[in-house]
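Participant: What follows is protein_19.txt, compact mmCIF, C-alpha atoms and all ligand atoms.
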# COMPACT_ATOMS: atom_id res chain seq x y z
CA MET A 7 36.47 -0.15 26.79
CA ALA A 8 35.15 -3.71 26.97
CA ALA A 9 32.44 -4.53 24.44
CA TYR A 10 28.90 -4.04 25.69
CA ASN A 11 27.84 -7.47 26.90
CA VAL A 12 24.06 -7.45 26.90
CA ASP A 13 23.80 -11.18 27.69
CA LYS A 14 25.91 -10.68 30.81
CA ILE A 15 23.71 -7.76 31.87
CA ARG A 16 20.57 -9.85 31.30
CA GLU A 17 21.84 -12.45 33.80
CA ASP A 18 21.27 -9.86 36.54
CA PHE A 19 17.58 -9.50 35.66
CA GLN A 20 15.79 -12.66 36.83
CA ILE A 21 12.45 -11.43 35.53
CA LEU A 22 13.70 -11.72 31.96
CA ASN A 23 13.45 -15.52 32.40
CA VAL A 24 9.73 -15.33 33.07
CA LYS A 25 7.41 -16.89 30.49
CA VAL A 26 4.38 -14.89 29.40
CA HIS A 27 1.65 -16.94 27.69
CA GLY A 28 4.27 -19.65 27.32
CA LYS A 29 6.72 -17.32 25.54
CA PRO A 30 9.90 -15.74 26.92
CA LEU A 31 9.17 -12.26 28.21
CA VAL A 32 10.24 -9.44 25.89
CA TYR A 33 10.06 -6.34 28.03
CA LEU A 34 9.70 -3.22 25.89
CA ASP A 35 7.78 -1.01 28.33
CA ASN A 36 10.75 0.65 29.99
CA ALA A 37 9.38 4.17 29.66
CA ALA A 38 6.67 3.09 32.12
CA THR A 39 9.06 1.41 34.55
CA SER A 40 12.34 -0.50 34.37
CA GLN A 41 13.08 -3.99 35.63
CA LYS A 42 15.37 -4.39 38.67
CA PRO A 43 18.69 -6.22 38.79
CA LYS A 44 19.37 -8.76 41.52
CA GLN A 45 21.88 -6.35 43.09
CA VAL A 46 19.02 -3.92 43.84
CA ILE A 47 16.64 -6.64 45.01
CA ASP A 48 19.40 -8.09 47.24
CA ALA A 49 20.22 -4.66 48.66
CA GLU A 50 16.59 -4.15 49.67
CA LYS A 51 16.52 -7.59 51.35
CA GLU A 52 19.83 -6.86 53.08
CA TYR A 53 18.53 -3.54 54.36
CA TYR A 54 15.51 -5.17 55.99
CA GLU A 55 17.53 -8.09 57.31
CA THR A 56 20.42 -6.12 58.79
CA ILE A 57 19.77 -2.42 59.53
CA ASN A 58 16.04 -1.72 59.28
CA SER A 59 15.13 1.08 61.71
CA ASN A 60 13.94 4.67 61.60
CA ILE A 61 16.41 7.40 60.69
CA HIS A 62 17.51 10.58 62.49
CA ARG A 63 15.81 9.48 65.72
CA GLY A 64 17.59 6.79 67.63
CA VAL A 65 21.10 6.84 69.03
CA HIS A 66 21.14 3.07 68.65
CA LYS A 67 23.45 1.40 66.16
CA LEU A 68 20.79 0.34 63.65
CA SER A 69 19.31 3.81 63.44
CA GLU A 70 22.77 5.29 62.98
CA ASP A 71 23.52 2.82 60.17
CA ALA A 72 20.18 3.43 58.45
CA SER A 73 20.65 7.23 58.74
CA ALA A 74 24.17 6.99 57.33
CA GLY A 75 23.02 4.77 54.44
CA TYR A 76 20.12 7.08 53.64
CA GLU A 77 22.37 10.16 53.68
CA GLU A 78 24.99 8.42 51.58
CA ALA A 79 22.27 7.68 49.00
CA HIS A 80 21.61 11.44 48.74
CA GLU A 81 25.33 11.92 48.09
CA LYS A 82 25.34 9.25 45.39
CA VAL A 83 22.44 10.93 43.63
CA ALA A 84 24.18 14.32 43.91
CA ASP A 85 27.35 12.90 42.31
CA PHE A 86 25.34 11.06 39.66
CA ILE A 87 23.70 14.25 38.34
CA GLY A 88 26.62 16.58 39.01
CA ALA A 89 24.99 18.51 41.87
CA LYS A 90 27.29 20.49 44.17
CA GLU A 91 26.05 19.17 47.50
CA PHE A 92 23.81 16.51 48.95
CA GLU A 93 21.64 19.27 50.48
CA GLU A 94 20.36 19.90 46.96
CA ILE A 95 18.89 16.39 46.71
CA ILE A 96 15.40 15.82 48.10
CA PHE A 97 13.91 12.36 48.10
CA THR A 98 10.24 12.21 47.12
CA ARG A 99 7.96 9.37 46.01
CA ASN A 100 8.43 9.97 42.28
CA ALA A 101 8.81 12.63 39.58
CA THR A 102 5.12 13.46 39.93
CA GLU A 103 5.55 14.32 43.61
CA SER A 104 8.70 16.34 42.86
CA LEU A 105 6.78 18.44 40.33
CA ASN A 106 3.81 18.88 42.67
CA LEU A 107 6.20 19.89 45.44
CA LEU A 108 7.53 22.63 43.18
CA ALA A 109 4.06 23.84 42.16
CA TYR A 110 3.05 24.03 45.84
CA SER A 111 6.22 25.51 47.24
CA LEU A 112 6.69 28.12 44.51
CA CYS A 113 3.10 29.31 44.30
CA ASN A 114 3.41 31.94 47.05
CA SER A 115 5.72 33.97 44.87
CA LEU A 116 3.26 34.06 41.94
CA LYS A 117 0.59 36.70 41.31
CA GLU A 118 -2.22 37.24 38.84
CA GLY A 119 -0.96 37.76 35.30
CA ASP A 120 2.33 35.91 35.80
CA GLU A 121 3.15 33.32 33.16
CA ILE A 122 4.14 29.67 33.29
CA LEU A 123 5.58 28.12 30.16
CA ILE A 124 5.59 24.41 29.30
CA THR A 125 5.45 22.54 25.97
CA GLN A 126 2.67 20.80 24.10
CA ALA A 127 4.31 17.42 24.67
CA GLU A 128 4.49 17.21 28.45
CA HIS A 129 3.46 14.21 30.56
CA HIS A 130 0.44 15.03 32.73
CA ALA A 131 2.83 15.17 35.73
CA ASN A 132 4.44 18.27 34.20
CA PHE A 133 1.17 19.65 32.94
CA VAL A 134 -1.75 19.28 35.37
CA PRO A 135 0.03 20.81 38.44
CA TRP A 136 0.80 23.98 36.40
CA GLN A 137 -2.62 24.06 34.77
CA GLN A 138 -4.40 23.85 38.13
CA LEU A 139 -2.04 26.37 39.73
CA ALA A 140 -2.70 28.75 36.84
CA LYS A 141 -6.45 28.40 37.38
CA GLN A 142 -6.22 29.00 41.13
CA LYS A 143 -3.97 32.04 40.89
CA ARG A 144 -5.17 33.45 37.55
CA LEU A 145 -1.84 32.91 35.86
CA LYS A 146 -1.33 32.42 32.16
CA LEU A 147 -0.19 28.96 31.06
CA LYS A 148 1.65 29.09 27.73
CA PHE A 149 2.81 26.25 25.50
CA ALA A 150 5.88 25.98 23.31
CA LYS A 151 4.89 24.35 20.03
CA VAL A 152 6.10 20.96 18.89
CA ASN A 153 6.66 20.39 15.17
CA LEU A 154 3.76 18.15 14.12
CA ASP A 155 4.11 18.58 10.36
CA SER A 156 3.59 15.04 9.07
CA LYS A 157 5.46 15.91 5.84
CA ASP A 158 8.61 16.73 7.81
CA LYS A 159 9.31 13.16 8.95
CA GLU A 160 12.90 13.80 10.08
CA ASN A 161 11.92 16.55 12.49
CA PHE A 162 8.43 15.45 13.44
CA GLY A 163 7.98 15.85 17.19
CA THR A 164 10.94 18.19 17.72
CA LEU A 165 10.87 21.47 19.58
CA ASP A 166 12.28 24.55 17.86
CA VAL A 167 14.12 26.18 20.76
CA SER A 168 14.28 29.60 19.07
CA GLN A 169 10.58 30.12 19.91
CA PHE A 170 11.61 30.47 23.58
CA ASN A 171 13.16 33.85 22.64
CA GLU A 172 9.63 35.21 22.13
CA LEU A 173 7.81 33.06 24.65
CA VAL A 174 9.95 33.97 27.68
CA THR A 175 8.95 37.48 28.74
CA SER A 176 9.31 39.63 31.85
CA LYS A 177 6.06 38.02 33.08
CA THR A 178 7.43 34.48 32.81
CA LYS A 179 8.02 33.06 36.28
CA ILE A 180 8.37 29.32 35.63
CA VAL A 181 9.49 27.35 32.57
CA SER A 182 9.18 23.57 32.87
CA VAL A 183 10.24 21.27 30.03
CA THR A 184 10.85 17.56 29.68
CA GLN A 185 14.33 16.56 28.56
CA MET A 186 13.11 13.40 26.82
CA GLY A 187 9.52 13.10 25.70
CA ASN A 188 7.72 9.94 26.80
CA VAL A 189 5.56 9.74 23.67
CA LEU A 190 7.49 11.19 20.75
CA GLY A 191 10.89 10.11 22.04
CA THR A 192 12.31 13.53 21.30
CA THR A 193 15.35 14.84 23.17
CA ASN A 194 14.89 18.53 23.84
CA ASP A 195 17.89 20.84 23.96
CA VAL A 196 17.23 21.86 27.57
CA ARG A 197 20.66 23.39 27.92
CA GLU A 198 19.88 25.92 25.22
CA ILE A 199 16.33 26.45 26.47
CA GLY A 200 17.71 27.16 29.96
CA ARG A 201 20.20 29.62 28.53
CA ILE A 202 17.43 31.52 26.73
CA VAL A 203 15.17 31.47 29.81
CA HIS A 204 17.86 32.90 32.09
CA GLU A 205 19.03 35.43 29.50
CA ASN A 206 15.52 36.72 28.75
CA ASN A 207 14.41 36.80 32.36
CA PRO A 208 17.01 36.19 35.10
CA SER A 209 14.27 35.83 37.73
CA ALA A 210 12.42 33.05 35.87
CA LEU A 211 12.91 29.53 37.22
CA PHE A 212 13.84 26.73 34.84
CA ILE A 213 12.67 23.19 35.67
CA VAL A 214 13.76 20.11 33.74
CA ASP A 215 11.57 17.02 33.92
CA GLY A 216 14.20 14.29 33.75
CA ALA A 217 11.84 11.33 34.32
CA GLN A 218 12.83 9.79 30.98
CA SER A 219 16.33 11.19 30.59
CA VAL A 220 18.19 10.57 33.85
CA ALA A 221 17.83 6.79 33.47
CA HIS A 222 19.32 6.72 29.99
CA SER A 223 22.00 9.37 29.66
CA LYS A 224 24.61 11.28 31.58
CA ILE A 225 23.13 14.40 33.12
CA ASP A 226 25.07 17.26 34.65
CA VAL A 227 22.85 19.83 36.33
CA LYS A 228 25.69 22.33 36.49
CA LYS A 229 26.20 22.16 32.74
CA LEU A 230 22.45 22.29 32.11
CA ASP A 231 22.21 25.20 34.55
CA CYS A 232 18.64 24.20 35.40
CA ASP A 233 17.18 25.46 38.66
CA PHE A 234 15.39 22.17 39.35
CA LEU A 235 15.45 18.63 37.98
CA THR A 236 12.83 15.97 38.73
CA PHE A 237 12.98 12.21 38.21
CA SER A 238 11.83 8.79 39.44
CA GLY A 239 13.94 5.92 40.79
CA HIS A 240 11.71 3.18 39.37
CA LYS A 241 12.59 4.09 35.78
CA MET A 242 16.30 3.65 36.56
CA LEU A 243 16.46 0.18 38.13
CA ALA A 244 15.40 1.24 41.66
CA PRO A 245 12.18 0.20 43.39
CA THR A 246 8.92 2.13 43.07
CA GLY A 247 8.18 4.80 45.67
CA ILE A 248 11.43 6.73 45.53
CA GLY A 249 11.90 9.87 43.45
CA VAL A 250 14.17 12.88 43.38
CA LEU A 251 13.93 16.64 43.31
CA TYR A 252 17.21 18.43 42.67
CA GLY A 253 17.17 22.16 43.35
CA LYS A 254 19.78 24.90 43.60
CA LYS A 255 20.52 25.34 47.28
CA ASN A 256 19.80 29.07 47.43
CA LEU A 257 16.36 28.49 45.88
CA LEU A 258 15.44 25.56 48.12
CA GLU A 259 16.43 27.63 51.14
CA GLN A 260 13.91 30.31 50.21
CA MET A 261 11.03 27.92 49.45
CA ARG A 262 8.35 26.89 51.91
CA PRO A 263 8.13 23.21 52.92
CA PHE A 264 5.76 20.98 51.00
CA MET A 265 4.65 18.99 54.04
CA TYR A 266 4.80 19.63 57.76
CA GLY A 267 5.53 17.16 60.57
CA GLY A 268 8.41 15.19 61.98
CA ASP A 269 11.99 15.41 60.73
CA MET A 270 11.44 18.66 58.78
CA ILE A 271 11.59 20.85 61.92
CA ARG A 272 14.42 22.38 63.91
CA LYS A 273 12.35 23.69 66.83
CA VAL A 274 8.66 23.64 67.64
CA THR A 275 7.02 25.74 70.34
CA PHE A 276 3.33 26.34 71.09
CA ASP A 277 3.58 29.49 68.98
CA ASP A 278 5.79 28.67 66.05
CA THR A 279 8.09 26.27 64.18
CA SER A 280 11.50 26.69 62.60
CA TYR A 281 12.59 24.34 59.85
CA ASN A 282 15.38 21.81 59.56
CA ASP A 283 18.38 22.14 57.25
CA LEU A 284 18.23 20.99 53.64
CA PRO A 285 17.31 18.49 52.40
CA TRP A 286 15.32 17.37 55.49
CA LYS A 287 13.17 20.51 55.42
CA PHE A 288 11.42 18.91 52.42
CA GLU A 289 11.33 15.34 53.73
CA ALA A 290 8.65 15.34 56.42
CA GLY A 291 7.75 12.08 58.13
CA THR A 292 9.39 8.67 57.89
CA PRO A 293 10.71 8.48 54.33
CA ASN A 294 11.22 5.50 52.03
CA ILE A 295 14.54 4.58 53.66
CA ALA A 296 14.98 1.24 51.87
CA GLY A 297 14.00 2.89 48.58
CA GLY A 298 16.57 5.65 49.05
CA ILE A 299 19.36 3.25 49.90
CA THR A 300 18.53 0.94 46.98
CA LEU A 301 18.34 3.90 44.61
CA GLY A 302 21.99 4.28 45.56
CA THR A 303 22.57 0.62 44.63
CA ALA A 304 20.80 1.18 41.29
CA ILE A 305 23.11 4.13 40.60
CA ASP A 306 26.16 1.97 41.42
CA TYR A 307 24.89 -0.56 38.88
CA LEU A 308 24.27 2.04 36.16
CA LEU A 309 27.71 3.58 36.71
CA LYS A 310 29.37 0.18 36.49
CA VAL A 311 27.81 -0.42 33.07
CA GLY A 312 28.44 3.23 32.17
CA MET A 313 25.80 5.78 31.18
CA GLU A 314 27.53 6.49 27.86
CA ASN A 315 27.51 2.75 27.06
CA ILE A 316 23.84 2.43 27.96
CA PHE A 317 22.99 5.44 25.83
CA ALA A 318 24.98 4.12 22.86
CA HIS A 319 23.40 0.66 23.18
CA GLU A 320 19.90 2.13 23.17
CA GLN A 321 20.74 4.37 20.23
CA GLU A 322 21.78 1.29 18.26
CA LEU A 323 18.56 -0.52 19.12
CA THR A 324 16.50 2.55 18.24
CA GLU A 325 18.23 3.01 14.90
CA TYR A 326 17.67 -0.65 14.10
CA ALA A 327 14.01 -0.55 15.18
CA LEU A 328 13.33 2.59 13.11
CA LYS A 329 14.87 0.91 10.10
CA ARG A 330 12.79 -2.23 10.55
CA LEU A 331 9.58 -0.29 11.20
CA ALA A 332 10.17 1.61 7.96
CA GLU A 333 9.61 -1.71 6.14
CA PHE A 334 5.87 -1.22 6.69
CA ASP A 335 3.93 1.28 4.54
CA ASP A 336 1.02 1.25 6.95
CA VAL A 337 2.96 1.97 10.15
CA THR A 338 3.13 5.61 11.22
CA ILE A 339 5.93 6.60 13.59
CA TYR A 340 5.25 9.59 15.84
CA GLY A 341 8.67 11.03 16.51
CA PRO A 342 11.79 12.30 14.81
CA SER A 343 13.57 9.90 12.50
CA LYS A 344 16.72 11.93 11.83
CA ILE A 345 19.65 9.99 13.26
CA ASP A 346 22.84 11.84 14.08
CA ASN A 347 25.71 9.41 13.82
CA ASN A 348 28.32 11.83 15.03
CA LYS A 349 29.25 9.65 18.00
CA ASN A 350 32.03 11.97 19.14
CA ASN A 351 29.85 15.00 19.44
CA GLU A 352 29.67 15.91 23.11
CA ASN A 353 26.18 17.27 22.56
CA LYS A 354 25.00 14.13 20.81
CA ILE A 355 22.20 13.81 23.30
CA LEU A 356 20.88 17.16 22.18
CA ASN A 357 20.49 16.00 18.61
CA ASP A 358 19.47 12.40 18.92
CA ARG A 359 16.15 10.86 19.72
CA THR A 360 15.68 8.44 22.59
CA GLY A 361 14.80 4.76 22.75
CA ILE A 362 11.09 5.47 22.85
CA ILE A 363 9.16 4.76 19.66
CA SER A 364 5.46 5.52 19.36
CA PHE A 365 3.64 4.11 16.37
CA ASN A 366 0.26 3.13 15.00
CA ILE A 367 -0.73 0.57 12.42
CA ASP A 368 -3.34 2.02 10.03
CA LYS A 369 -6.90 1.70 11.33
CA ILE A 370 -5.91 -0.56 14.25
CA HIS A 371 -6.38 0.67 17.80
CA ALA A 372 -3.18 0.84 19.89
CA HIS A 373 -4.82 -1.28 22.63
CA ASP A 374 -5.43 -4.08 20.12
CA VAL A 375 -1.80 -3.86 19.01
CA ALA A 376 -0.60 -4.06 22.63
CA SER A 377 -2.94 -7.03 23.35
CA ILE A 378 -1.62 -9.03 20.42
CA PHE A 379 1.96 -8.17 21.38
CA ASP A 380 1.12 -9.54 24.82
CA GLN A 381 0.09 -12.86 23.25
CA HIS A 382 3.66 -12.98 21.90
CA GLY A 383 5.04 -12.37 25.40
CA ILE A 384 5.97 -8.80 24.43
CA ALA A 385 5.16 -6.06 26.93
CA ILE A 386 4.54 -2.69 25.28
CA ARG A 387 2.19 0.13 26.19
CA GLY A 388 -0.79 1.21 24.11
CA GLY A 389 -2.77 4.32 25.02
CA HIS A 390 -2.42 8.03 25.64
CA HIS A 391 0.73 7.67 27.79
CA CYS A 392 -0.51 10.38 30.19
CA ALA A 393 -0.22 12.97 27.45
CA MET A 394 -3.85 13.50 26.39
CA PRO A 395 -3.44 17.06 25.07
CA LEU A 396 -0.66 15.83 22.77
CA MET A 397 -2.85 12.93 21.58
CA GLY A 398 -5.46 15.53 20.61
CA LEU A 399 -2.89 17.41 18.53
CA LEU A 400 -1.78 14.15 16.89
CA ASP A 401 -5.47 13.42 16.27
CA VAL A 402 -5.20 9.90 17.64
CA ALA A 403 -6.82 8.17 20.63
CA GLY A 404 -3.47 6.63 21.51
CA THR A 405 -0.31 5.09 20.17
CA ALA A 406 1.52 1.81 20.64
CA ARG A 407 4.89 2.41 22.26
CA ILE A 408 8.11 0.45 22.36
CA SER A 409 10.75 1.65 24.82
CA PHE A 410 14.23 0.23 25.39
CA TYR A 411 16.66 -0.14 28.25
CA LEU A 412 20.12 -1.54 28.84
CA TYR A 413 19.04 -5.22 28.73
CA ASN A 414 17.15 -5.18 25.41
CA LYS A 415 18.47 -6.91 22.32
CA LYS A 416 18.10 -6.65 18.55
CA GLU A 417 16.41 -10.07 18.53
CA GLU A 418 13.67 -8.54 20.63
CA VAL A 419 13.15 -5.84 18.01
CA ASP A 420 12.77 -8.65 15.45
CA LYS A 421 10.16 -10.30 17.66
CA ALA A 422 8.27 -6.99 17.82
CA ILE A 423 8.36 -6.78 14.02
CA ASP A 424 6.99 -10.36 13.79
CA ALA A 425 4.22 -9.33 16.18
CA ILE A 426 3.32 -6.41 13.90
CA GLU A 427 3.05 -8.86 10.98
CA HIS A 428 0.71 -10.95 13.12
CA VAL A 429 -1.44 -7.94 14.08
CA LYS A 430 -1.79 -7.06 10.41
CA LYS A 431 -2.80 -10.63 9.53
CA ILE A 432 -5.48 -10.70 12.22
CA PHE A 433 -6.95 -7.36 11.11
CA ALA A 434 -6.53 -7.93 7.34
N1 LIG B 1 7.52 12.94 33.31
C1 LIG B 1 7.70 12.13 32.26
C2 LIG B 1 8.36 12.66 31.04
C3 LIG B 1 7.27 10.80 32.34
O1 LIG B 1 7.45 10.00 31.28
C4 LIG B 1 6.65 10.34 33.52
C5 LIG B 1 6.13 8.93 33.64
C6 LIG B 1 6.53 11.22 34.59
C7 LIG B 1 6.97 12.52 34.46
C8 LIG B 1 5.94 10.80 35.89
O2 LIG B 1 6.72 9.82 36.49
P1 LIG B 1 6.18 9.03 37.78
O3 LIG B 1 7.25 8.10 38.11
O4 LIG B 1 5.93 10.05 38.80
O5 LIG B 1 4.92 8.35 37.35
N2 LIG B 1 5.88 8.31 32.43
C9 LIG B 1 5.22 7.13 32.24
C10 LIG B 1 5.00 6.62 30.97
O6 LIG B 1 5.36 7.15 29.93
N3 LIG B 1 4.32 5.46 31.10
O7 LIG B 1 4.11 5.23 32.40
C11 LIG B 1 4.67 6.26 33.12
What's the structure tokens form of this structure?

Facilitator:
Amino acid sequence: MAAYNVDKIREDFQILNVKVHGKPLVYLDNAATSQKPKQVIDAEKEYYETINSNIHRGVHKLSEDASAGYEEAHEKVADFIGAKEFEEIIFTRNATESLNLLAYSLCNSLKEGDEILITQAEHHANFVPWQQLAKQKRLKLKFAKVNLDSKDKENFGTLDVSQFNELVTSKTKIVSVTQMGNVLGTTNDVREIGRIVHENNPSALFIVDGAQSVAHSKIDVKKLDCDFLTFSGHKMLAPTGIGVLYGKKNLLEQMRPFMYGGDMIRKVTFDDTSYNDLPWKFEAGTPNIAGGITLGTAIDYLLKVGMENIFAHEQELTEYALKRLAEFDDVTIYGPSKIDNNKNNENKILNDRTGIISFNIDKIHAHDVASIFDQHGIAIRGGHHCAMPLMGLLDVAGTARISFYLYNKKEEVDKAIDAIEHVKKIFA
């Protein structure tokens, strides 16, 4: 395997040459959205300049090309996550829409007293839809506990999967868990959680929120044996406005459509409507055709670099950043710090943490930290990260958050450390 050439990769990302407040951009807000390589930007331009037209409607050449490109993108996504068939891949706007689609389309099968199980560390996208559904239908929303024992630094922020043995009961209908937490950076053992869910209650549905994981690691839905997987294109080099819902075909076939209108129908009469085949049954109206096609281009790019290589590169950066952050007595890290260096372990992803590091500097608000970072040209996020219930448990208003991707470098970690020194000087 050729050595990971981060400088070569960076050449594909024009935006990394931008100056922010006169300083070279250091982009460490990848958990919010990723930057886009020129291959993706070019593909979008090429689409609009050469085949732009509506899909599944015209018999003209452009429409046929656009339809074929859009369908091929579904196939690329299916291959990328190890799905059996392209029918199992539904394009949405983002992970949020995929999760809302599930809450809407599954709700008919739920009745008062049924239980939905999530964790304490979910993004609002995997929290509010279930909370509101539970209120409407008088369901019980339960939460798996996250280890928030500040004395247990190595395991802080981890999820003890054994608790699912008690939490999943005959009343449990839906279990929805993030694979990689967007605040604590924890990787949850979703394979084991799924096993417990299906063993305890074969009729319960297991959803994996892959918004943070699919972009950074190799995912195989068959190995995970999840019923559904949700993620967003924009966090994995693709444009905004394109997301994915993977679902097992037999389940998607039974579910009601999320939206009604054109393209999702087979036949409409004055009295009734029958629905189109998968995945179109769930893709009503003119979709984000360019977004779908360029998501395919983004996947080509990621595969060329190699998901294992990207994961290993980010692990190295994370390990280095954790080490450097540990130089400060007054910096609290909210997330596990145990690093598993067993690089040959196939399940490494299950034990490691991700390239997301939340931290606070004593008595300094996360927004102030992020503002001073910005003066250094460093983009990070400060705030509640759409996980307000978790912030309450952590007893903080927010955290500062660094998050890596394939183009980040150790020198950028050093710049972040210098920025922390500066923050401390200003607030001393
Ligand atoms: N699930 C997780 C775990 C996420 O981190 C996010 C977005 C979503 C779902 C929703 O994704 P969207 O593309 O539909 O918005 N997370 C973040 C974040 O951490 N900062 O900005 C967006």

Participant: Write out as a PyMOL selection string each polymer residue (protein, DNA or RNA) that has an atom no more than 9 Å from ligand LIG 1 (chain B), with only C-alpha atoms and all ligand atoms counted.

Facilitator: chain A and resi 35-39+99-105+127-132+183-189+215-219+236-241+246-249+387+390-393

Participant: Can you tell me which residues surround Lys151 of chain A at a distance of at most 12 Å, considering all atoms listed in the file, apart from same-chain residues fewer than 5 positions away, and format the answer as a PyMOL selection string?

Facilitator: chain A and resi 123-128+162-170+173+183+396+399

Participant: First collect every listed atom of segment 315-331 of chain A; then fit an axis-aligned box around them, widen it by 3 Å on each side, and give centre and edge lengths in Å to one decimal, as lines of an AutoDock Vina configuration file.

Facilitator:
center_x = 18.5
center_y = 1.6
center_z = 19.0
size_x = 23.9
size_y = 13.7
size_z = 23.9

Participant: What are the closest atom pairs, with distances in Å to one decimal, for all residues of segment 114-154 of chain A lying within 12 Å of segment 331-343 of chain A? Consider all atoms listed in the file, order rows by chain and residue number, and present the result as a tab-separated table.

Facilitator:
residue	atom	partner	partner_atom	distance
A:Ala127	CA	A:Gly341	CA	11.2
A:Val152	CA	A:Gly341	CA	10.5
A:Asn153	CA	A:Pro342	CA	9.6
A:Leu154	CA	A:Tyr340	CA	8.9

Participant: Have a look at A:Gly64, A:Gly291, A:Gly398, A:Gly200 and name the one nearest to Met265 of chain A; count only C-alpha atoms.

Facilitator: A:Gly291

Participant: In Å, how far is it from atom CA of Thr192 of chain A to atom CA of Leu301 of chain A?

Facilitator: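 About the pair atom CA of Thr192 of chain A and atom CA of Leu301 of chain A: they are 25.9 Å apart.
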
Participant: Please list, as number ranges by chain, the residues that have an atom at most 7 Å away from (11.6, 22.6, 56.0) in the coordinates of this file, counting all atoms listed in the file.

Facilitator: A: 262-263, 270-271, 281-283, 286-288

Participant: Out of A:Ala140, A:Ala376, A:Ala150, A:Leu323, which residue has the shortest atom-to-atom distance to Asn414 of chain A when counting all atoms listed in the file?

Facilitator: A:Leu323

Participant: Could you check which of A:Asp306, A:Glu289, A:Asp71, A:Glu320 is closest to Ser59 of chain A, using all atoms listed in the file?

Facilitator: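 Using all atoms listed in the file, the shortest distance to Ser59 of chain A belongs to A:Asp71.
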
Participant: In Å, how far is it from atom CA of Thr360 of chain A to atom CA of Gln381 of chain A?

Facilitator: 26.4 Å

Participant: Measuring between all atoms listed in the file, which one of A:Lys51, A:Arg63, A:Lys224, A:Lys42 shows the shortest distance to Asp85 of chain A?

Facilitator: A:Lys224

Participant: What's around segment 90-98 of chain A at 6 Å? Count only C-alpha atoms, leave out sequence neighbours fewer than 5 positions away in its own chain, and write the answer as number ranges by chain.

Facilitator: A: 80-81, 84, 248-253, 255, 284-285

Participant: Skipping near chain neighbours, those fewer than 3 positions away, what residues fall within 12 Å of Val429 of chain A using all atoms listed in the file, listed as a ChimeraX atom specification?

Facilitator: /A:336-337,366-382,422-426,432-434

Participant: Just how far from atom CA of Leu190 of chain A is atom CA of Val26 of chain A, in Å to one decimal?

Facilitator: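 Atom CA of Leu190 of chain A lies 27.7 Å from atom CA of Val26 of chain A.
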
Participant: Of the candidates A:Ala327, A:Ile47, A:Ala244, A:Ala221, which one gets nearest to Glu314 of chain A if we count only C-alpha atoms?

Facilitator: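 That would be A:Ala221, the residue with the smallest distance to Glu314 of chain A.
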
Participant: Nearest to Pro208 of chain A: which of A:Asp226, A:Asp13, A:Asp233, A:Asp195 is it, counting all atoms listed in the file?

Facilitator: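 Nearest to Pro208 of chain A: A:Asp233.
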